[in-house]
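Engineer: I'd like to ask you about the structure that follows.
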Amino acid sequence: MRIALPFLLALLLVPAAASAADPIPTPKPVFFASGSSRGTVGGHLQRGEHDLYSLKAFSGQVMTVNVTAPDDNIAFEIYEPGTTFSRDANGDLVFSGKSLHAPAEGEDTTRFKGRLPSRGTYIIAIASTRGGARYSMDIRLD
């Protein structure tokens with residue numbers, strides 16, 4: 001039994017260590033159909049995961065983003081150009097940059113409309129707020 005207990009503990013710790021070594025996701029570029037200023041993307045997330053999207057835009061454009069999920073368990077943040085991201089010791093994504101709308105504690109952002117402050121590539125980070133989540137995201141640039 002003494003040998004089995006340390007072995008069992010080691011097995012339980014391996015997934016936690018592996019999550020810190022998970023690769024940093026590459027943002028999926030968002031493209032609109034020729035002549036269009038809007039588009040829709042979607043996906044499925046497990047709790048703790050992020051989907052990242054990148055979108056090139058100009059200063060002064062108005063961006064509108066609406067995210068829906070059947071179980072109302074999805075939220076997002078939009079980061080300004082120049083934002084970088086990495087993983088912390090726990091394997092969680094950490095963003096270093098300015099958010100266009102930082103939600104208040106306990107607030108889940110599912111809609112955004114605002115004038116963009118600068119030209120460049122914006123990052124939209126989507127996460128599940130509880131459990132797994134299917135979602136659809138509508139994006140418009142005017």
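Labels for the structure tokens follow display order: chains A, B, ..., residues from 1 in each chain, ligands from 1.
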Can you pull out every residue from chain A that DSSP, working from the backbone, puts in helix (DSSP H, G or I), and format the result as JSON, numbers by chain?

Structural biologist: {"A": [4, 5, 6, 7, 8, 9, 10, 11, 12, 13, 14, 15, 16, 17, 18, 19, 20]}

Engineer: When you draw a straight line from atom CA of A:Pro117 to atom CA of A:Ser99, how long is it in Å?

Structural biologist: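 So the answer is 11.3 Å.
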
Engineer: Which residues are close to A:Ser36, i.e. within 12 Å by only C-alpha atoms, leaving aside same-chain residues fewer than 2 positions away? Reply as a list in words.

Structural biologist: Phe31, Phe32, Ala33, Ser34, Arg38, Gly39, Thr40, Ile139, Arg140, Leu141 and Asp142 of chain A

Engineer: Taking C-alpha atoms for each residue, export the selection above as a PDB file, in the first residue's frame.

Structural biologist:
ATOM      1  CA  PHE A  31     -12.559  37.554 -42.427  1.00  0.00           C
ATOM      2  CA  PHE A  32     -15.733  38.998 -43.902  1.00  0.00           C
ATOM      3  CA  ALA A  33     -17.162  38.028 -47.281  1.00  0.00           C
ATOM      4  CA  SER A  34     -16.096  40.344 -50.083  1.00  0.00           C
ATOM      5  CA  ARG A  38     -20.120  41.622 -40.904  1.00  0.00           C
ATOM      6  CA  GLY A  39     -19.649  37.962 -40.225  1.00  0.00           C
ATOM      7  CA  THR A  40     -20.463  35.116 -37.850  1.00  0.00           C
ATOM      8  CA  ILE A 139     -19.220  40.762 -35.556  1.00  0.00           C
ATOM      9  CA  ARG A 140     -19.803  43.976 -37.461  1.00  0.00           C
ATOM     10  CA  LEU A 141     -17.408  46.784 -38.421  1.00  0.00           C
ATOM     11  CA  ASP A 142     -18.760  50.117 -39.663  1.00  0.00           C
TER      12      ASP A 142
END

Engineer: Between atom CA of A:Pro81 and atom CA of A:Lys98, measure the distance and give it in Å to one decimal.

Structural biologist: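 Interatomic distance here is 8.4 Å.
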
Engineer: Please return, as a VMD selection string, all residues of chain A that DSSP assigns to strand (DSSP E) on the basis of the backbone.

Structural biologist: chain A and resid 28 to 29 38 to 45 50 to 57 62 to 68 74 to 79 84 to 87 93 to 96 111 to 115 120 to 128 133 to 141

Engineer: With only C-alpha atoms as the counted atoms, please give the residues lying no more than 12 Å from A:Met63, apart from itself and same-chain residues fewer than 2 positions off, as a ChimeraX atom specification.

Structural biologist: /A:37-39,55-61,65-66,78,100,111-118,122,124,138-142

Engineer: Filtering to N, CA and C atoms, could you give me those residues as a short mmCIF file (atom, residue, chain, number, x, y, z; two decimals), in the first residue's frame?

Structural biologist:
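Here's the written file selection_15.cif:
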data_model
loop_
_atom_site.label_atom_id
_atom_site.label_comp_id
_atom_site.auth_asym_id
_atom_site.auth_seq_id
_atom_site.Cartn_x
_atom_site.Cartn_y
_atom_site.Cartn_z
N SER A 37 -19.39 43.89 -44.26
CA SER A 37 -18.74 44.42 -43.06
C SER A 37 -19.16 43.64 -41.82
N ARG A 38 -19.68 42.44 -42.04
CA ARG A 38 -20.12 41.62 -40.90
C ARG A 38 -19.89 40.15 -41.19
N GLY A 39 -19.84 39.39 -40.10
CA GLY A 39 -19.65 37.96 -40.22
C GLY A 39 -20.02 37.25 -38.93
N LEU A 55 -8.93 40.22 -35.46
CA LEU A 55 -9.67 41.00 -36.44
C LEU A 55 -8.93 42.31 -36.68
N LYS A 56 -8.59 42.56 -37.94
CA LYS A 56 -7.91 43.81 -38.29
C LYS A 56 -8.95 44.90 -38.50
N ALA A 57 -8.67 46.08 -37.92
CA ALA A 57 -9.61 47.19 -38.02
C ALA A 57 -8.85 48.51 -38.01
N PHE A 58 -9.58 49.58 -38.33
CA PHE A 58 -9.00 50.92 -38.39
C PHE A 58 -9.50 51.77 -37.23
N SER A 59 -8.70 52.74 -36.86
CA SER A 59 -9.09 53.70 -35.84
C SER A 59 -10.36 54.41 -36.28
N GLY A 60 -11.30 54.57 -35.37
CA GLY A 60 -12.54 55.26 -35.66
C GLY A 60 -13.67 54.37 -36.12
N GLN A 61 -13.36 53.14 -36.54
CA GLN A 61 -14.44 52.23 -36.92
C GLN A 61 -15.25 51.87 -35.68
N VAL A 65 -20.17 43.54 -31.39
CA VAL A 65 -19.99 42.11 -31.18
C VAL A 65 -21.13 41.62 -30.28
N ASN A 66 -21.80 40.56 -30.72
CA ASN A 66 -22.84 39.91 -29.92
C ASN A 66 -22.53 38.41 -29.88
N ILE A 78 -12.56 42.02 -25.52
CA ILE A 78 -11.87 42.46 -26.72
C ILE A 78 -10.64 43.23 -26.28
N LEU A 100 -10.97 46.63 -24.30
CA LEU A 100 -11.88 47.71 -24.69
C LEU A 100 -12.98 47.91 -23.67
N ARG A 111 -22.27 41.44 -25.12
CA ARG A 111 -22.51 42.42 -26.17
C ARG A 111 -21.52 43.57 -26.01
N PHE A 112 -21.09 44.10 -27.15
CA PHE A 112 -20.20 45.26 -27.14
C PHE A 112 -20.47 46.08 -28.38
N LYS A 113 -20.48 47.38 -28.21
CA LYS A 113 -20.51 48.30 -29.35
C LYS A 113 -19.69 49.51 -28.95
N GLY A 114 -18.67 49.81 -29.76
CA GLY A 114 -17.82 50.95 -29.45
C GLY A 114 -16.93 51.35 -30.60
N ARG A 115 -16.46 52.59 -30.52
CA ARG A 115 -15.54 53.14 -31.53
C ARG A 115 -14.13 52.66 -31.19
N LEU A 116 -13.43 52.18 -32.19
CA LEU A 116 -12.09 51.63 -31.97
C LEU A 116 -11.06 52.75 -31.87
N PRO A 117 -10.19 52.67 -30.86
CA PRO A 117 -9.24 53.75 -30.61
C PRO A 117 -8.02 53.76 -31.51
N SER A 118 -7.69 52.62 -32.12
CA SER A 118 -6.47 52.59 -32.93
C SER A 118 -6.56 51.57 -34.05
N TYR A 122 -7.14 43.45 -33.37
CA TYR A 122 -7.83 43.29 -32.10
C TYR A 122 -8.00 41.79 -31.81
N ILE A 124 -10.24 38.97 -29.76
CA ILE A 124 -11.47 38.67 -29.03
C ILE A 124 -11.26 37.33 -28.34
N ASP A 138 -21.53 37.14 -33.58
CA ASP A 138 -21.75 38.03 -34.72
C ASP A 138 -20.87 39.26 -34.54
N ILE A 139 -20.13 39.62 -35.60
CA ILE A 139 -19.22 40.76 -35.56
C ILE A 139 -19.56 41.68 -36.72
N ARG A 140 -19.55 42.98 -36.42
CA ARG A 140 -19.80 43.98 -37.46
C ARG A 140 -18.82 45.13 -37.29
N LEU A 141 -18.28 45.61 -38.41
CA LEU A 141 -17.41 46.78 -38.42
C LEU A 141 -18.01 47.83 -39.36
N ASP A 142 -18.23 49.02 -38.84
CA ASP A 142 -18.76 50.12 -39.66
C ASP A 142 -17.79 51.27 -39.68
#

Engineer: So, with only C-alpha atoms as the atoms that count, which of A:Glu49, A:Glu80, A:Asp88, A:Asp72 lies closest to A:Arg119?

Structural biologist: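 Answer, going by the shortest atom-to-atom distance: A:Glu80.
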
Engineer: Grab the atom CA of A:Asp71 to atom CA of A:Arg134 distance for me, in Å with one decimal place.

Structural biologist: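 It comes out at 8.2 Å.
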